[in-house]
Amino acid sequence: MVLWISGSFLAAAAAPWAVKRFPRHAGMILALWPGLLFVWFLSVLPRVGQSPVVTTHEWIPALGIRFSLYLDGLALLMSLLISGIGSLVILYAGRYLERHPDLGKLLALLLAFMASMLGLVLSGNLLLMFVFWELTSIVSYLLIGFHHEDEGARRSALQGLFVTFAGGLALMTGLILIGSVAGSYEWRTILDSADAIQASPHYPLALVLLVVGAMTKSAQFPFHFWLPNAMAAPTPVSAYLHSATMVKAGVFLLARTHPVLGGTALWTALLGTAGAVTLLLGIWLAMRSTGIKRVLAYSTIMALGTLTMLIGVGSDKAIIAAMAFLFAHSLYKGALFMIAGILDHQAGVKDLTRAGGLARRMPVSAAAAGLAALSLAGVLPLFGFVAKEKLFLSIFASGMAWLTPVVAIGAVLTVGVGALVGIQPWYGKPVATPRPAREPGPSLLAGPLILATGGILFGLFTPVVDQYLLTPAASAVTGHPVTPMLKLWHGLNLALATSIASLALGLLLYRWRTHFRHMTRFSDALAARGPEWLYDRMMALLVRVAGWQTRMLQSGYLRHYLLTTLLFVVACVWILLARSGQALHIAFDLTDIAIHEVMVMLVMSASAILAATSGSRLGAVAALGAVGFTVALVFVLFSAADPGITQVLVETLAVIMLVLVLFRLPRFLKLSSTRVRVQDATVAITLGATFTVLLLLAQDQRLYESISAWHIAESVPSGYGRNVVNVILVDFRALDTLGEIFVLALAAVGVLAMLGLKAEDKPQ
């Protein structure tokens, strides 16, 4: 499996070369790789139905993190959709954007996205899954912003990136909490720790964070607004990322973690409520839209809400309904998005209200659109009917009565949307199109025809699909074996009656669609102050805060930067000391201080004060030199002759260089006001007092034995020297000493460059 993922990234890298070498057939050639992956995943269907396929490689051994891949029924269902639809989309994209100068980039990004999605669904380690999760967001950003010269596309790409990245941060925190409770990030270990995780006090927070991450990725309310705007991407991108794969990543995450986090009241309340609201909102907005890609995008939001709601319900019937609905939606929505691209590519049609009668000139496209729309509406014998009927049955049996009207209303509106995309542009009075409509070639028709025809075949052979594909996926989600329960005909029951009623009401709704749009004008005002409006306000506020922060902190004066840094350090130190909760003892003993040590301290203090208050440059430099020489004297007094000699040499050189540099600088009458000097002195005294307290505390807080005895013992056998100080500097702390030498050398080079300035080179 590692080979399949890495090979997909290599195929992405080879895509630009393939387009240059085979400009007309690059899509067909590159589609062979995901087709090969699809065949391999089909070949392991019987094996995965018995037990998961696990591959483990060491990744970060020091942290106990492995590169683990875990192929069970759920991962296999997603992998088949990713590779199968990916192959059709790449074939479609090669012809759809033929002769486009950036076709190679698009195909490369599509393959990279496929590889990232495969890595996400196959990950057996939570941290590895998060890496691929973020990769899908990055590649999606590049795909949405493919038309980078268009300001709208750039804005939509950034919007999707910010929303999904914010959710990614929440998800990362939630995964860390889960891993810390389970003691491992390996999925197999986490499965065995389900009871401990739900009993942990961190469970509510981890659950909320994980659900937020999934909701942002799968466009759940109130994060739904980025998905319709992502339709700025080319149609192949919409067909792949935003109907069949990427937006399903959040649903996959919820399904994957259901055995560990699911089954609680909090889980059911969060997912059930969010899913139901998203279902109604998505299909409502779809019915009142006219742009074909936006209609499909909003209906995708409805489907994602339905899946989230079913996973929240969590019963075996609800989970098998979720797997069936996920499968059916991927088939018909991928086909419909490709049909939307055909309408644009072949006739220049983007608005459903400005098309009609196209079936006469595009009969094959009309047939594919009709089959996909019938599956969307849930008409017998398509697989969409099987999924819809199982949805009704699972909700009726859930005991959550408030969800019944939600799914009923959603079904009616979904039929209206199906009629809108399956009837409006194809039948009725012919409407003049921007370009003469004509049937596309096989490369564009293959994808929608295969997916739409699959809706019929899988509906007729529902028990086979259920036994070998959907039941293993549902078993992986529930955490226990699930009995196959899908079939095309369940007899005359309440679910069938509800389905027939939804079809009748949905067709009436389509018939009266013009009046429906007039009736929903009041929602425009609500949309103007909805989640997207809040997002725009937050981004504008972020820009204003960033501008204010820049003006406050980026003043251009080194003095201000130093003050900010030093005050922040002081604040952090005292906050930590106050929050430590421990009794702090300061070792402050003056009994052993000699009179000459007091004299050295007084000279050092007086020199420092003189350096800060002197109005003479030469006097200030001399005072600084006195401070340095008294420090050397302190070293000598405490038997550290070598550091003392080093200090004298360094201080002598520093004084000489300062004198040379200062006399080459322009003459300022006054460098700072009295108020500024008082301010600087206050900060300096505060900082000095802070570190004095820290040093005194450190003298009384010894956590480990002193290392000096080890240095003395190892000086000769390890460092081959009897001068302990030299051995420490040259051997035990060699890198530290090397760094100090480098800093001094860098400063010397800077000073040399300044001294070499000619009069005409000096800044004015």
# chains A, B, ... in the order shown; residues from 1 in each chain; ligands from 1
call {"tool": "residues_around", "arguments": {"residues": "Gly356 of chain A", "least_positions_apart": "2", "cutoff": "9 Å", "atoms": "only C-alpha atoms", "output": "short mmCIF file (atom, residue, chain, number, x, y, z; two decimals) with C-alpha atoms, in the first residue's frame"}}
result
data_model
loop_
_atom_site.label_atom_id
_atom_site.label_comp_id
_atom_site.auth_asym_id
_atom_site.auth_seq_id
_atom_site.Cartn_x
_atom_site.Cartn_y
_atom_site.Cartn_z
CA LEU A 352 -30.21 26.28 -15.78
CA THR A 353 -32.83 28.93 -16.55
CA ARG A 354 -31.09 29.80 -19.80
CA LEU A 358 -30.77 20.33 -25.62
CA ALA A 359 -31.69 16.62 -25.67
CA ILE A 423 -35.26 18.02 -17.05
CA GLN A 424 -34.76 21.81 -17.24
CA PRO A 425 -31.81 22.03 -19.69
CA TRP A 426 -32.78 19.02 -21.82
CA TYR A 427 -36.48 19.20 -22.56
CA GLY A 428 -39.12 21.79 -23.35
CA LYS A 429 -38.81 24.71 -25.70
CA PRO A 430 -35.31 25.04 -27.24
CA VAL A 431 -33.33 28.01 -25.97
CA ALA A 432 -30.48 29.63 -27.89
CA THR A 433 -27.13 28.85 -26.26
#
call {"tool": "residues_around", "arguments": {"residues": "Leu169 of chain A", "least_positions_apart": "6", "cutoff": "12 Å", "atoms": "only C-alpha atoms", "output": "list in words"}}
result
Phe130, Val131, Trp133, Glu134, Phe162, Val163, Leu175, Ile176, Leu209, Leu210, Val211, Val212, Gly213, Ala214, Thr216 and Lys217 of chain A
call {"tool": "residues_around", "arguments": {"residues": "segment 32-48 of chain A", "least_positions_apart": "2", "cutoff": "6 Å", "atoms": "only C-alpha atoms", "output": "PyMOL selection string"}}
result
chain A and resi 29-30+50-52+72+80+83-84+87
call {"tool": "closest_residue", "arguments": {"among": "A:Ile65, A:Leu81, A:Leu103, A:His242", "to": "Leu128 of chain A", "atoms": "only C-alpha atoms"}}
result
A:Ile65
call {"tool": "residues_around", "arguments": {"residues": "segment 508-511 of chain A", "least_positions_apart": "6", "cutoff": "10 Å", "atoms": "only C-alpha atoms", "output": "mmCIF file with N, CA and C atoms, in the first residue's frame"}}
result
data_model
loop_
_atom_site.group_PDB
_atom_site.id
_atom_site.type_symbol
_atom_site.label_atom_id
_atom_site.label_comp_id
_atom_site.auth_asym_id
_atom_site.auth_seq_id
_atom_site.Cartn_x
_atom_site.Cartn_y
_atom_site.Cartn_z
ATOM 1 N N MET A 287 -32.415 24.411 -4.139
ATOM 2 C CA MET A 287 -33.665 24.592 -4.884
ATOM 3 C C MET A 287 -33.852 26.027 -5.341
ATOM 4 N N VAL A 412 -38.358 15.653 -0.438
ATOM 5 C CA VAL A 412 -39.187 16.401 -1.385
ATOM 6 C C VAL A 412 -38.336 17.407 -2.155
ATOM 7 N N LEU A 413 -37.547 18.176 -1.443
ATOM 8 C CA LEU A 413 -36.705 19.176 -2.101
ATOM 9 C C LEU A 413 -35.650 18.525 -2.987
ATOM 10 N N VAL A 415 -36.006 15.767 -4.736
ATOM 11 C CA VAL A 415 -36.669 15.413 -5.992
ATOM 12 C C VAL A 415 -36.780 16.650 -6.880
ATOM 13 N N GLY A 416 -37.120 17.791 -6.284
ATOM 14 C CA GLY A 416 -37.181 19.022 -7.059
ATOM 15 C C GLY A 416 -35.847 19.370 -7.690
ATOM 16 N N VAL A 417 -34.763 19.191 -6.938
ATOM 17 C CA VAL A 417 -33.429 19.464 -7.479
ATOM 18 C C VAL A 417 -33.094 18.478 -8.588
ATOM 19 N N GLY A 418 -33.446 17.185 -8.386
ATOM 20 C CA GLY A 418 -33.205 16.199 -9.432
ATOM 21 C C GLY A 418 -33.916 16.542 -10.724
ATOM 22 N N ALA A 419 -35.169 16.994 -10.616
ATOM 23 C CA ALA A 419 -35.904 17.414 -11.815
ATOM 24 C C ALA A 419 -35.272 18.646 -12.443
ATOM 25 N N LEU A 420 -34.759 19.532 -11.601
ATOM 26 C CA LEU A 420 -34.155 20.769 -12.103
ATOM 27 C C LEU A 420 -32.957 20.481 -12.988
ATOM 28 N N ILE A 423 -34.211 17.670 -16.094
ATOM 29 C CA ILE A 423 -35.261 18.020 -17.051
ATOM 30 C C ILE A 423 -35.036 19.393 -17.664
ATOM 31 N N GLN A 424 -34.788 20.403 -16.809
ATOM 32 C CA GLN A 424 -34.757 21.806 -17.245
ATOM 33 C C GLN A 424 -33.892 22.059 -18.477
ATOM 34 N N SER A 502 -42.797 11.786 -1.673
ATOM 35 C CA SER A 502 -41.746 12.778 -1.913
ATOM 36 C C SER A 502 -41.547 12.997 -3.409
#
call {"tool": "select_by_dssp", "arguments": {"residues": "segment 99-242 of chain A", "states": "helix (DSSP H, G or I)", "output": "mmCIF file with C-alpha atoms, in the first residue's frame"}}
result
data_model
loop_
_atom_site.group_PDB
_atom_site.id
_atom_site.type_symbol
_atom_site.label_atom_id
_atom_site.label_comp_id
_atom_site.auth_asym_id
_atom_site.auth_seq_id
_atom_site.Cartn_x
_atom_site.Cartn_y
_atom_site.Cartn_z
ATOM 1 C CA LEU A 103 -3.182 21.273 -18.099
ATOM 2 C CA GLY A 104 -0.046 19.557 -16.803
ATOM 3 C CA LYS A 105 -0.330 21.403 -13.517
ATOM 4 C CA LEU A 106 -4.004 20.484 -13.160
ATOM 5 C CA LEU A 107 -3.408 16.781 -13.795
ATOM 6 C CA ALA A 108 -0.449 16.808 -11.405
ATOM 7 C CA LEU A 109 -2.556 18.390 -8.673
ATOM 8 C CA LEU A 110 -5.429 15.941 -9.240
ATOM 9 C CA LEU A 111 -3.048 12.983 -8.882
ATOM 10 C CA ALA A 112 -1.413 14.533 -5.825
ATOM 11 C CA PHE A 113 -4.832 15.013 -4.300
ATOM 12 C CA MET A 114 -5.712 11.392 -5.032
ATOM 13 C CA ALA A 115 -2.514 10.273 -3.302
ATOM 14 C CA SER A 116 -3.265 12.484 -0.281
ATOM 15 C CA MET A 117 -6.809 11.157 0.009
ATOM 16 C CA LEU A 118 -5.597 7.561 -0.244
ATOM 17 C CA GLY A 119 -3.079 8.262 2.496
ATOM 18 C CA LEU A 120 -5.808 9.792 4.654
ATOM 19 C CA VAL A 121 -8.273 6.900 4.409
ATOM 20 C CA LEU A 122 -5.583 4.216 4.678
ATOM 21 C CA LEU A 126 -3.737 9.328 13.927
ATOM 22 C CA LEU A 127 -0.761 11.633 13.364
ATOM 23 C CA LEU A 128 -0.125 10.167 9.913
ATOM 24 C CA MET A 129 -3.791 10.707 9.084
ATOM 25 C CA PHE A 130 -3.503 14.332 10.163
ATOM 26 C CA VAL A 131 -0.506 14.855 7.857
ATOM 27 C CA PHE A 132 -2.506 13.628 4.869
ATOM 28 C CA TRP A 133 -5.541 15.586 6.099
ATOM 29 C CA GLU A 134 -3.582 18.826 5.815
ATOM 30 C CA LEU A 135 -2.102 17.776 2.480
ATOM 31 C CA THR A 136 -5.624 17.497 1.049
ATOM 32 C CA SER A 137 -6.342 21.051 2.237
ATOM 33 C CA ILE A 138 -3.176 22.411 0.626
ATOM 34 C CA VAL A 139 -3.738 20.659 -2.715
ATOM 35 C CA SER A 140 -7.421 21.637 -2.649
ATOM 36 C CA TYR A 141 -6.383 25.268 -2.198
ATOM 37 C CA LEU A 142 -4.208 25.039 -5.302
ATOM 38 C CA LEU A 143 -6.980 23.384 -7.300
ATOM 39 C CA ILE A 144 -9.705 25.842 -6.284
ATOM 40 C CA GLU A 151 -9.628 37.489 -8.091
ATOM 41 C CA GLY A 152 -12.783 35.533 -7.263
ATOM 42 C CA ALA A 153 -10.967 32.207 -7.604
ATOM 43 C CA ARG A 154 -8.157 33.414 -5.352
ATOM 44 C CA ARG A 155 -10.644 34.582 -2.739
ATOM 45 C CA SER A 156 -12.543 31.280 -2.835
ATOM 46 C CA ALA A 157 -9.310 29.297 -2.540
ATOM 47 C CA LEU A 158 -8.190 31.309 0.489
ATOM 48 C CA GLN A 159 -11.621 30.975 2.066
ATOM 49 C CA GLY A 160 -11.572 27.198 1.740
ATOM 50 C CA LEU A 161 -7.998 27.060 3.028
ATOM 51 C CA PHE A 162 -8.661 29.221 6.092
ATOM 52 C CA VAL A 163 -11.838 27.376 7.071
ATOM 53 C CA THR A 164 -10.382 23.890 6.673
ATOM 54 C CA PHE A 165 -7.059 24.852 8.285
ATOM 55 C CA ALA A 166 -8.884 26.286 11.296
ATOM 56 C CA GLY A 167 -10.727 23.003 11.586
ATOM 57 C CA GLY A 168 -7.433 21.191 11.155
ATOM 58 C CA LEU A 169 -6.005 22.940 14.220
ATOM 59 C CA ALA A 170 -9.018 21.837 16.254
ATOM 60 C CA LEU A 171 -8.682 18.312 14.886
ATOM 61 C CA MET A 172 -4.986 18.133 15.752
ATOM 62 C CA THR A 173 -5.716 19.054 19.365
ATOM 63 C CA GLY A 174 -8.504 16.491 19.562
ATOM 64 C CA LEU A 175 -6.318 13.728 18.111
ATOM 65 C CA ILE A 176 -3.547 14.524 20.595
ATOM 66 C CA LEU A 177 -6.032 14.268 23.460
ATOM 67 C CA ILE A 178 -7.288 10.911 22.181
ATOM 68 C CA GLY A 179 -3.748 9.601 21.705
ATOM 69 C CA SER A 180 -2.665 10.770 25.161
ATOM 70 C CA VAL A 181 -5.585 8.991 26.813
ATOM 71 C CA ALA A 182 -5.077 5.789 24.812
ATOM 72 C CA TRP A 187 -5.620 2.959 15.486
ATOM 73 C CA ARG A 188 -5.634 -0.696 16.599
ATOM 74 C CA THR A 189 -4.573 0.307 20.109
ATOM 75 C CA ILE A 190 -7.107 3.134 20.205
ATOM 76 C CA LEU A 191 -9.893 0.715 19.240
ATOM 77 C CA ASP A 192 -9.058 -1.361 22.318
ATOM 78 C CA ALA A 194 -12.657 2.939 23.600
ATOM 79 C CA ASP A 195 -14.026 2.522 27.130
ATOM 80 C CA ALA A 196 -11.080 4.351 28.701
ATOM 81 C CA ILE A 197 -11.420 7.234 26.231
ATOM 82 C CA GLN A 198 -15.142 7.704 26.859
ATOM 83 C CA ALA A 199 -14.558 7.526 30.627
ATOM 84 C CA TYR A 203 -13.616 12.988 26.231
ATOM 85 C CA PRO A 204 -16.085 15.907 25.791
ATOM 86 C CA LEU A 205 -13.366 18.325 24.689
ATOM 87 C CA ALA A 206 -11.712 15.783 22.373
ATOM 88 C CA LEU A 207 -15.077 14.952 20.825
ATOM 89 C CA VAL A 208 -16.031 18.584 20.212
ATOM 90 C CA LEU A 209 -12.636 19.391 18.671
ATOM 91 C CA LEU A 210 -12.755 16.367 16.388
ATOM 92 C CA VAL A 211 -16.322 17.126 15.285
ATOM 93 C CA VAL A 212 -15.389 20.749 14.528
ATOM 94 C CA GLY A 213 -12.508 19.545 12.351
ATOM 95 C CA ALA A 214 -14.798 17.157 10.494
ATOM 96 C CA MET A 215 -17.518 19.799 10.074
ATOM 97 C CA THR A 216 -15.171 22.298 8.456
ATOM 98 C CA LYS A 217 -13.907 19.697 5.982
ATOM 99 C CA TRP A 226 -16.894 27.671 1.477
ATOM 100 C CA LEU A 227 -18.090 24.721 -0.639
ATOM 101 C CA PRO A 228 -20.345 26.588 -3.139
ATOM 102 C CA ASN A 229 -17.649 29.236 -3.527
ATOM 103 C CA ALA A 230 -15.157 26.473 -4.346
ATOM 104 C CA MET A 231 -17.069 26.006 -7.615
ATOM 105 C CA ALA A 232 -14.698 28.655 -8.984
ATOM 106 C CA THR A 235 -15.404 21.398 -13.444
ATOM 107 C CA PRO A 236 -13.126 18.305 -13.210
ATOM 108 C CA VAL A 237 -11.967 19.607 -9.829
ATOM 109 C CA SER A 238 -15.561 20.058 -8.664
ATOM 110 C CA ALA A 239 -16.468 16.579 -9.884
ATOM 111 C CA TYR A 240 -13.623 14.986 -7.954
#
call {"tool": "atom_distance", "arguments": {"atom1": "atom CA of Met338 of chain A", "atom2": "atom CA of Gly447 of chain A"}}
result
7.2 Å
call {"tool": "residues_around", "arguments": {"residues": "Gly370 of chain A", "least_positions_apart": "2", "cutoff": "10 Å", "atoms": "only C-alpha atoms", "output": "NGL selection string"}}
result
:A and (336 or 364-368 or 372-376 or 418-419 or 421-423 or 426 or 452)
call {"tool": "write_last_selection", "arguments": {"atoms": "N, CA, C and O atoms", "output": "mmCIF file, in the first residue's frame"}}
result
data_model
loop_
_atom_site.group_PDB
_atom_site.id
_atom_site.type_symbol
_atom_site.label_atom_id
_atom_site.label_comp_id
_atom_site.auth_asym_id
_atom_site.auth_seq_id
_atom_site.Cartn_x
_atom_site.Cartn_y
_atom_site.Cartn_z
ATOM 1 N N LEU A 336 -23.181 14.037 -12.485
ATOM 2 C CA LEU A 336 -23.856 15.313 -12.723
ATOM 3 C C LEU A 336 -22.869 16.463 -12.844
ATOM 4 O O LEU A 336 -23.079 17.388 -13.643
ATOM 5 N N VAL A 364 -27.060 11.667 -25.874
ATOM 6 C CA VAL A 364 -26.312 10.801 -24.948
ATOM 7 C C VAL A 364 -26.073 11.530 -23.631
ATOM 8 O O VAL A 364 -26.244 10.950 -22.546
ATOM 9 N N SER A 365 -25.701 12.799 -23.696
ATOM 10 C CA SER A 365 -25.514 13.582 -22.472
ATOM 11 C C SER A 365 -26.825 13.687 -21.701
ATOM 12 O O SER A 365 -26.843 13.598 -20.466
ATOM 13 N N ALA A 366 -27.920 13.896 -22.413
ATOM 14 C CA ALA A 366 -29.226 13.984 -21.755
ATOM 15 C C ALA A 366 -29.580 12.677 -21.058
ATOM 16 O O ALA A 366 -30.133 12.681 -19.949
ATOM 17 N N ALA A 367 -29.270 11.538 -21.700
ATOM 18 C CA ALA A 367 -29.561 10.245 -21.084
ATOM 19 C C ALA A 367 -28.746 10.041 -19.812
ATOM 20 O O ALA A 367 -29.264 9.584 -18.779
ATOM 21 N N ALA A 368 -27.447 10.381 -19.869
ATOM 22 C CA ALA A 368 -26.604 10.248 -18.677
ATOM 23 C C ALA A 368 -27.088 11.168 -17.562
ATOM 24 O O ALA A 368 -27.155 10.763 -16.394
ATOM 25 N N ALA A 372 -28.573 9.912 -13.832
ATOM 26 C CA ALA A 372 -27.982 10.411 -12.585
ATOM 27 C C ALA A 372 -29.009 11.184 -11.768
ATOM 28 O O ALA A 372 -29.066 11.061 -10.534
ATOM 29 N N ALA A 373 -29.850 11.996 -12.439
ATOM 30 C CA ALA A 373 -30.869 12.760 -11.727
ATOM 31 C C ALA A 373 -31.916 11.852 -11.112
ATOM 32 O O ALA A 373 -32.419 12.110 -10.011
ATOM 33 N N LEU A 374 -32.284 10.761 -11.803
ATOM 34 C CA LEU A 374 -33.233 9.795 -11.235
ATOM 35 C C LEU A 374 -32.663 9.138 -9.979
ATOM 36 O O LEU A 374 -33.384 8.898 -9.008
ATOM 37 N N SER A 375 -31.367 8.849 -10.001
ATOM 38 C CA SER A 375 -30.734 8.289 -8.805
ATOM 39 C C SER A 375 -30.705 9.305 -7.680
ATOM 40 O O SER A 375 -30.927 8.973 -6.512
ATOM 41 N N LEU A 376 -30.438 10.571 -8.028
ATOM 42 C CA LEU A 376 -30.480 11.636 -7.025
ATOM 43 C C LEU A 376 -31.867 11.742 -6.400
ATOM 44 O O LEU A 376 -32.009 11.886 -5.178
ATOM 45 N N GLY A 418 -33.446 17.185 -8.386
ATOM 46 C CA GLY A 418 -33.205 16.199 -9.432
ATOM 47 C C GLY A 418 -33.916 16.542 -10.724
ATOM 48 O O GLY A 418 -33.352 16.414 -11.826
ATOM 49 N N ALA A 419 -35.169 16.994 -10.616
ATOM 50 C CA ALA A 419 -35.904 17.414 -11.815
ATOM 51 C C ALA A 419 -35.272 18.646 -12.443
ATOM 52 O O ALA A 419 -35.233 18.793 -13.675
ATOM 53 N N VAL A 421 -32.096 19.527 -12.589
ATOM 54 C CA VAL A 421 -30.888 19.244 -13.370
ATOM 55 C C VAL A 421 -31.115 18.166 -14.424
ATOM 56 O O VAL A 421 -30.355 18.072 -15.388
ATOM 57 N N GLY A 422 -32.169 17.347 -14.245
ATOM 58 C CA GLY A 422 -32.415 16.260 -15.197
ATOM 59 C C GLY A 422 -33.429 16.591 -16.265
ATOM 60 O O GLY A 422 -33.522 15.864 -17.268
ATOM 61 N N ILE A 423 -34.211 17.670 -16.094
ATOM 62 C CA ILE A 423 -35.261 18.020 -17.051
ATOM 63 C C ILE A 423 -35.036 19.393 -17.664
ATOM 64 O O ILE A 423 -35.086 19.562 -18.892
ATOM 65 N N TRP A 426 -32.736 20.025 -20.752
ATOM 66 C CA TRP A 426 -32.779 19.022 -21.815
ATOM 67 C C TRP A 426 -34.095 18.993 -22.587
ATOM 68 O O TRP A 426 -34.122 18.617 -23.759
ATOM 69 N N ALA A 452 -23.372 6.957 -14.240
ATOM 70 C CA ALA A 452 -24.835 6.917 -14.275
ATOM 71 C C ALA A 452 -25.342 5.498 -14.512
ATOM 72 O O ALA A 452 -26.313 5.055 -13.875
#
call {"tool": "atom_distance", "arguments": {"atom1": "atom CA of Met400 of chain A", "atom2": "atom CA of Gly272 of chain A"}}
result
9.6 Å
call {"tool": "decode", "arguments": {"residues": "segment 75-107 of chain A", "atoms": "C-alpha atoms", "output": "JSON list (two decimals), in the first residue's frame"}}
result
[["chain", "number", "residue", "atom", "x", "y", "z"],
["A", 75, "ALA", "CA", -11.07, 2.35, 3.94],
["A", 76, "LEU", "CA", -11.65, -0.03, 1.01],
["A", 77, "LEU", "CA", -14.98, 1.62, 0.10],
["A", 78, "MET", "CA", -13.36, 5.05, 0.13],
["A", 79, "SER", "CA", -10.29, 3.83, -1.77],
["A", 80, "LEU", "CA", -12.43, 2.33, -4.52],
["A", 81, "LEU", "CA", -14.32, 5.63, -4.91],
["A", 82, "ILE", "CA", -11.12, 7.68, -4.84],
["A", 83, "SER", "CA", -9.28, 5.58, -7.42],
["A", 84, "GLY", "CA", -12.28, 4.70, -9.63],
["A", 85, "ILE", "CA", -13.76, 8.18, -9.90],
["A", 86, "GLY", "CA", -10.24, 9.60, -9.99],
["A", 87, "SER", "CA", -9.46, 7.60, -13.12],
["A", 88, "LEU", "CA", -12.61, 8.87, -14.86],
["A", 89, "VAL", "CA", -12.01, 12.47, -13.79],
["A", 90, "ILE", "CA", -8.42, 12.50, -15.04],
["A", 91, "LEU", "CA", -9.55, 11.08, -18.38],
["A", 92, "TYR", "CA", -12.27, 13.75, -18.49],
["A", 93, "ALA", "CA", -9.91, 16.57, -17.48],
["A", 94, "GLY", "CA", -7.40, 15.68, -20.20],
["A", 95, "ARG", "CA", -10.02, 16.41, -22.84],
["A", 96, "TYR", "CA", -11.95, 19.14, -21.00],
["A", 97, "LEU", "CA", -8.87, 21.38, -20.71],
["A", 98, "GLU", "CA", -7.13, 20.21, -23.86],
["A", 99, "ARG", "CA", -4.62, 22.78, -25.12],
["A", 100, "HIS", "CA", -4.84, 24.70, -21.84],
["A", 101, "PRO", "CA", -1.31, 25.92, -20.96],
["A", 102, "ASP", "CA", -1.68, 24.69, -17.36],
["A", 103, "LEU", "CA", -3.18, 21.27, -18.10],
["A", 104, "GLY", "CA", -0.05, 19.56, -16.80],
["A", 105, "LYS", "CA", -0.33, 21.40, -13.52],
["A", 106, "LEU", "CA", -4.00, 20.48, -13.16],
["A", 107, "LEU", "CA", -3.41, 16.78, -13.80]]
